[in-house]
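Q: First the structure, which I've put down as structure tokens, then a few questions once you've had a look.
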Amino acid sequence: MTERPQFYRFHQGDRVLPFAASEYETRLAGLRQIMQDNGVEACVFTSMHNIAYYSGFLYCSFGRPYALVVTPGESVTISAGIDAAQPWRRSHGDAITYTDWQRDNYWRAILSVTGTGKVIGCEADHLTMLQSEKLTAFLRPTKGFDIAPATMQQRMRKSQAELDLIRHGAGVADVGGFAIREAVRIGAREIDVAMAGRDAMELEIAKRFPDAEYRDSWVWFQSGINTDGAHNPVTSRALQHGDILSLNTFPMISGYYTALERTMFMGAVDAASLRIWEANIAAHEYGMSLLVPGAVCSEVTAKINAFFEERQLLQYRTFGYGHSFGILSHYYGREAGLELREDIDTVLEPGMVISMEPMLTIPEGQPGAGGYREHDILFITEDGAEDITKYPYGPDFNVVA
């Protein structure tokens, strides 16, 4: 019979990455400094966000495990045979393919890079109990170290190349927003409007990044009662005159996701709804003014809480006021150390990227019922912040006839 390897290298085609090789070398140098400071001899990353951050490769799991192994001298992605050479074409560094022909070839491939008896860094917030047991059985580490918090801190501070990509992403989100506004009409279904925004964004991404892979851009367009939750899926509900609407565009470019979120009304807005909407806009503008170098996330949160409390609206707040942007998505990764919540004391620094997105949800049956949300993305700069979201907010533009 044909010899069946446990793993092998399948390298073909030209390599195309989201960033220059120097960008990944800089990231890996920062990681290796973290490793040296903590006595870590090899890192085994399993999350989509860290594998993408340090290698450029964004995997598609379908139940199979993937990894990136980083040592002082190597950086190697570990991928399933079903993907052939695509992981190598999209990875900085080496790439090993493991086969399905014997259980745990994934770990044998990792072992070929790490060896045994090392201090191993892994992501405690991602590694499952099963895979943790296999790591111990195959690699026999002398010690384990949770590398996830330190890598999150590294990802929170963006390079210029990242800022440039995120700026493009915000521009694409705006394109989707304008396409949605054009598609809004009485009788249209949420799904019809959402498709218009998604198609416009994917075409715009292809225009701006002709060599990229295109995946995972999406739209949540909600109407009426469906606006009560920020992440409510799209339905086939038809738009009616007087509906509150929620526009949410999420373009994905090489693992970097950005967002645009706006409150809208179909045809007309009643007085009670306008009062809530304008209060949320005022909080949004106030919050953006607070995002400057040296500001503390929890203190910004407290100030916006007080703003809503004065207007007897705080009880309708549904979540924190903003979060970091970069390598993240609804199904992987989030830089939880940079969020505008009561329990986060991170100090804002130049190079950080953060949203301002207050939301109020008024229960059904009360005047002004519905969910109100505005969302802008800001770059923290040396002397303030730059708002990179350009789609207008407020009733002057977003009461759509």
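Chain labels A, B, ... are given in the sequence in which chains occur in the structure tokens; within each chain residues are numbered consecutively from 1, and ligands are likewise numbered from 1 in the order shown.
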What parts of stretch 85-332 of chain A does DSSP call strand (DSSP E)? I'd like the answer as a ChimeraX atom specification.

A: /A:94-98,119-122,143-146,218-223,244-250,252-253,256-257,260-266,326-327

Q: For those residues, write N, CA and C atoms to a file as a short mmCIF file (atom, residue, chain, number, x, y, z; two decimals), in the first residue's frame.

A:
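Below is the file part34.cif, written as the result:
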data_model
loop_
_atom_site.label_atom_id
_atom_site.label_comp_id
_atom_site.auth_asym_id
_atom_site.auth_seq_id
_atom_site.Cartn_x
_atom_site.Cartn_y
_atom_site.Cartn_z
N ASP A 94 7.19 28.91 8.05
CA ASP A 94 7.04 27.56 7.55
C ASP A 94 5.59 27.09 7.74
N ALA A 95 5.26 25.97 7.09
CA ALA A 95 3.92 25.40 7.21
C ALA A 95 4.00 23.89 7.09
N ILE A 96 3.39 23.20 8.04
CA ILE A 96 3.33 21.74 8.04
C ILE A 96 1.88 21.30 7.91
N THR A 97 1.66 20.29 7.09
CA THR A 97 0.32 19.71 6.90
C THR A 97 0.27 18.36 7.62
N TYR A 98 -0.75 18.16 8.44
CA TYR A 98 -0.92 16.84 9.08
C TYR A 98 -2.04 16.08 8.39
N VAL A 119 9.41 24.40 28.31
CA VAL A 119 8.40 25.29 28.89
C VAL A 119 7.52 25.77 27.73
N ILE A 120 6.24 25.41 27.78
CA ILE A 120 5.33 25.63 26.66
C ILE A 120 4.34 26.74 27.00
N GLY A 121 4.26 27.72 26.12
CA GLY A 121 3.24 28.75 26.23
C GLY A 121 2.01 28.36 25.42
N CYS A 122 0.84 28.52 26.00
CA CYS A 122 -0.40 28.22 25.29
C CYS A 122 -1.47 29.22 25.72
N LYS A 143 6.84 22.75 32.16
CA LYS A 143 5.99 23.77 32.76
C LYS A 143 5.11 24.36 31.67
N GLY A 144 3.92 24.79 32.03
CA GLY A 144 3.05 25.50 31.11
C GLY A 144 2.93 26.95 31.51
N PHE A 145 2.68 27.80 30.52
CA PHE A 145 2.55 29.23 30.78
C PHE A 145 1.42 29.76 29.92
N ASP A 146 0.49 30.52 30.53
CA ASP A 146 -0.62 31.12 29.78
C ASP A 146 -0.11 32.38 29.09
N TRP A 218 -20.44 40.64 6.84
CA TRP A 218 -21.88 40.41 7.05
C TRP A 218 -22.58 41.69 7.48
N VAL A 219 -23.91 41.64 7.45
CA VAL A 219 -24.77 42.75 7.86
C VAL A 219 -25.83 42.23 8.81
N TRP A 220 -26.06 42.95 9.89
CA TRP A 220 -27.25 42.77 10.71
C TRP A 220 -28.12 44.00 10.47
N PHE A 221 -29.25 43.81 9.81
CA PHE A 221 -30.20 44.89 9.63
C PHE A 221 -31.49 44.49 10.33
N GLN A 222 -31.87 45.26 11.35
CA GLN A 222 -32.98 44.89 12.21
C GLN A 222 -34.07 45.96 12.15
N SER A 223 -35.30 45.55 12.40
CA SER A 223 -36.42 46.48 12.36
C SER A 223 -37.39 46.19 13.49
N ILE A 244 -38.63 51.68 13.87
CA ILE A 244 -37.24 51.93 14.22
C ILE A 244 -36.40 50.88 13.51
N LEU A 245 -35.26 51.29 12.97
CA LEU A 245 -34.36 50.41 12.22
C LEU A 245 -32.97 50.48 12.82
N SER A 246 -32.23 49.40 12.68
CA SER A 246 -30.84 49.37 13.15
C SER A 246 -29.96 48.88 12.03
N LEU A 247 -29.05 49.73 11.57
CA LEU A 247 -28.11 49.45 10.49
C LEU A 247 -26.79 49.00 11.11
N ASN A 248 -26.31 47.83 10.72
CA ASN A 248 -25.05 47.31 11.26
C ASN A 248 -24.26 46.64 10.15
N THR A 249 -23.14 47.21 9.73
CA THR A 249 -22.30 46.62 8.69
C THR A 249 -20.98 46.17 9.30
N PHE A 250 -20.51 44.99 8.86
CA PHE A 250 -19.30 44.40 9.43
C PHE A 250 -18.43 43.83 8.32
N MET A 252 -15.06 42.31 6.70
CA MET A 252 -13.91 41.55 7.17
C MET A 252 -12.82 41.59 6.10
N ILE A 253 -11.64 42.05 6.48
CA ILE A 253 -10.50 42.11 5.56
C ILE A 253 -9.33 41.41 6.22
N TYR A 256 -9.32 41.16 9.90
CA TYR A 256 -9.58 42.42 10.59
C TYR A 256 -11.02 42.85 10.32
N TYR A 257 -11.78 42.98 11.39
CA TYR A 257 -13.19 43.34 11.24
C TYR A 257 -13.40 44.77 11.75
N LEU A 260 -19.91 49.54 11.46
CA LEU A 260 -20.70 50.77 11.43
C LEU A 260 -22.07 50.41 11.97
N GLU A 261 -22.59 51.21 12.91
CA GLU A 261 -23.92 50.95 13.45
C GLU A 261 -24.65 52.28 13.58
N ARG A 262 -25.90 52.30 13.10
CA ARG A 262 -26.68 53.52 13.13
C ARG A 262 -28.16 53.21 13.42
N THR A 263 -28.79 54.08 14.17
CA THR A 263 -30.24 54.08 14.34
C THR A 263 -30.86 54.78 13.14
N MET A 264 -31.99 54.23 12.65
CA MET A 264 -32.73 54.83 11.54
C MET A 264 -34.22 54.72 11.84
N PHE A 265 -35.02 55.46 11.12
CA PHE A 265 -36.47 55.31 11.19
C PHE A 265 -37.05 55.27 9.78
N MET A 266 -38.11 54.48 9.62
CA MET A 266 -38.76 54.29 8.33
C MET A 266 -39.87 55.32 8.16
N GLY A 326 -9.45 45.23 15.64
CA GLY A 326 -8.23 44.67 15.06
C GLY A 326 -8.54 43.27 14.59
N ILE A 327 -7.73 42.29 15.02
CA ILE A 327 -8.01 40.88 14.72
C ILE A 327 -9.09 40.42 15.67
#

Q: Just the residues within 12 Å of stretch 33-38 of chain A, please, counting only C-alpha atoms, with nothing from its chain fewer than 3 positions along; format it as a PyMOL selection string.

A: chain A and resi 26-30+41-44+70-72+119-122+143-154

Q: For A:Arg373, which residue among A:Thr114, A:Thr99, A:Thr136, A:Thr318 is the nearest when counting only C-alpha atoms?

A: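 Checking each of A:Thr114, A:Thr99, A:Thr136, A:Thr318 against A:Arg373, counting only C-alpha atoms, the winner is A:Thr318.
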
Q: Please identify all polymer residues within 7 Å of stretch 191-195 of chain A, counting only C-alpha atoms, omitting same-chain residues fewer than 3 positions from it, and present them as a PyMOL selection string.

A: chain A and resi 180+183-184+188+198-199+219-221+234-236

Q: Keeping only N, CA and C atoms, take the residues you just selected and write them out as a PDB file, in the first residue's frame.

A:
ATOM      1  N   ILE A 180     -27.209  50.275   2.181  1.00  0.00           N
ATOM      2  CA  ILE A 180     -28.377  49.907   2.980  1.00  0.00           C
ATOM      3  C   ILE A 180     -29.415  51.023   2.945  1.00  0.00           C
ATOM      4  N   ALA A 183     -31.430  50.949  -0.038  1.00  0.00           N
ATOM      5  CA  ALA A 183     -32.306  49.784  -0.167  1.00  0.00           C
ATOM      6  C   ALA A 183     -33.507  49.832   0.772  1.00  0.00           C
ATOM      7  N   VAL A 184     -33.487  50.723   1.744  1.00  0.00           N
ATOM      8  CA  VAL A 184     -34.580  50.797   2.718  1.00  0.00           C
ATOM      9  C   VAL A 184     -35.836  51.372   2.066  1.00  0.00           C
ATOM     10  N   ALA A 188     -39.879  46.255   2.054  1.00  0.00           N
ATOM     11  CA  ALA A 188     -38.650  45.472   1.898  1.00  0.00           C
ATOM     12  C   ALA A 188     -38.432  44.625   3.141  1.00  0.00           C
ATOM     13  N   ARG A 198     -24.273  43.907   2.276  1.00  0.00           N
ATOM     14  CA  ARG A 198     -23.184  42.930   2.210  1.00  0.00           C
ATOM     15  C   ARG A 198     -22.549  42.889   0.829  1.00  0.00           C
ATOM     16  N   ASP A 199     -23.369  42.846  -0.225  1.00  0.00           N
ATOM     17  CA  ASP A 199     -22.829  42.786  -1.589  1.00  0.00           C
ATOM     18  C   ASP A 199     -21.973  44.014  -1.895  1.00  0.00           C
ATOM     19  N   VAL A 219     -23.912  41.638   7.455  1.00  0.00           N
ATOM     20  CA  VAL A 219     -24.773  42.752   7.856  1.00  0.00           C
ATOM     21  C   VAL A 219     -25.830  42.229   8.808  1.00  0.00           C
ATOM     22  N   TRP A 220     -26.057  42.952   9.895  1.00  0.00           N
ATOM     23  CA  TRP A 220     -27.252  42.772  10.707  1.00  0.00           C
ATOM     24  C   TRP A 220     -28.125  44.005  10.470  1.00  0.00           C
ATOM     25  N   PHE A 221     -29.245  43.806   9.810  1.00  0.00           N
ATOM     26  CA  PHE A 221     -30.199  44.893   9.632  1.00  0.00           C
ATOM     27  C   PHE A 221     -31.486  44.488  10.333  1.00  0.00           C
ATOM     28  N   VAL A 234     -30.625  38.620  11.257  1.00  0.00           N
ATOM     29  CA  VAL A 234     -31.533  39.136  10.237  1.00  0.00           C
ATOM     30  C   VAL A 234     -32.722  38.187  10.078  1.00  0.00           C
ATOM     31  N   THR A 235     -33.896  38.743   9.826  1.00  0.00           N
ATOM     32  CA  THR A 235     -35.108  37.954   9.575  1.00  0.00           C
ATOM     33  C   THR A 235     -35.740  38.397   8.260  1.00  0.00           C
ATOM     34  N   SER A 236     -36.911  37.834   7.966  1.00  0.00           N
ATOM     35  CA  SER A 236     -37.642  38.234   6.758  1.00  0.00           C
ATOM     36  C   SER A 236     -38.755  39.234   7.075  1.00  0.00           C
TER      37      SER A 236
END

Q: Which residues are close to stretch 288-290 of chain A, i.e. within 7 Å by only C-alpha atoms, leaving aside same-chain residues fewer than 3 positions away? Reply as a ChimeraX atom specification.

A: /A:284-285,300,356

Q: Considering only C-alpha atoms, can you say which of A:Gly370, A:Gly242, A:Gly320, A:Gly333 comes closest to A:Pro358?

A: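 Of A:Gly370, A:Gly242, A:Gly320, A:Gly333, the one nearest A:Pro358 is A:Gly320, counting only C-alpha atoms.
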
Q: If DSSP is run on the backbone, what residues of stretch 165-394 of chain A are alpha helix (DSSP H)? A reply as number ranges by chain would be ideal.

A: A: 165-183, 190-208, 271-290, 297-310

Q: Applying 8 Å and only C-alpha atoms, which residues near stretch 49-66 of chain A remain after dropping the ones on its own chain fewer than 4 positions away? List them as a ChimeraX atom specification.

A: /A:17-19,24,27-28,45,75,77-80,87,90-93,106,151,155,254-255,327-328,332-333

Q: Can you work out the spacing between atom CA of A:Ile362 and atom CA of A:Tyr316 in Å, to one decimal?

A: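 Rounded to one decimal, the two atoms are 6.2 Å apart.
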
Q: Report, in Å with one decimal, the straight-line distance from atom CA of A:Arg185 to atom CA of A:Asp387.

A: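 A separation of 29.4 Å between them.
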
Q: Could you state the separation of atom CA of A:Gly73 and atom CA of A:Tyr8 in Å, given to one decimal place?

A: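 For atom CA of A:Gly73 relative to atom CA of A:Tyr8, the distance reads 19.6 Å.
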
Q: Skipping near chain neighbours, those fewer than 4 positions away, what residues fall within 10 Å of A:Leu135 using only C-alpha atoms, listed as number ranges by chain?

A: A: 44, 107, 110-111, 120, 122, 127, 129-131, 139-141, 144

Q: So which one's closest to A:Ser159, A:Asn232, A:Thr346, A:Ser22, A:Thr2? Using only C-alpha atoms, please.

A: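 Using only C-alpha atoms, the shortest distance to A:Ser159 belongs to A:Ser22.
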
Q: Show me, as a ChimeraX atom specification, the residues that have an atom within 8 Å of stretch 303-310 of chain A when counting only C-alpha atoms, minus same-chain residues fewer than 6 positions from it.

A: /A:283,286-287

Q: Let me see the file: selected residues, N, CA, C and O atoms, as a PDB file, in the first residue's frame.

A:
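To be explicit, this is the file written out as result28.pdb:
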ATOM      1  N   ALA A 283     -25.089  61.151  24.261  1.00  0.00           N
ATOM      2  CA  ALA A 283     -24.150  60.305  25.003  1.00  0.00           C
ATOM      3  C   ALA A 283     -23.017  59.837  24.096  1.00  0.00           C
ATOM      4  O   ALA A 283     -21.850  59.754  24.531  1.00  0.00           O
ATOM      5  N   TYR A 286     -20.680  62.773  23.620  1.00  0.00           N
ATOM      6  CA  TYR A 286     -19.958  62.990  24.880  1.00  0.00           C
ATOM      7  C   TYR A 286     -18.903  61.910  25.063  1.00  0.00           C
ATOM      8  O   TYR A 286     -17.747  62.196  25.418  1.00  0.00           O
ATOM      9  N   GLY A 287     -19.277  60.670  24.821  1.00  0.00           N
ATOM     10  CA  GLY A 287     -18.329  59.574  24.973  1.00  0.00           C
ATOM     11  C   GLY A 287     -17.135  59.712  24.061  1.00  0.00           C
ATOM     12  O   GLY A 287     -15.986  59.474  24.481  1.00  0.00           O
TER      13      GLY A 287
END
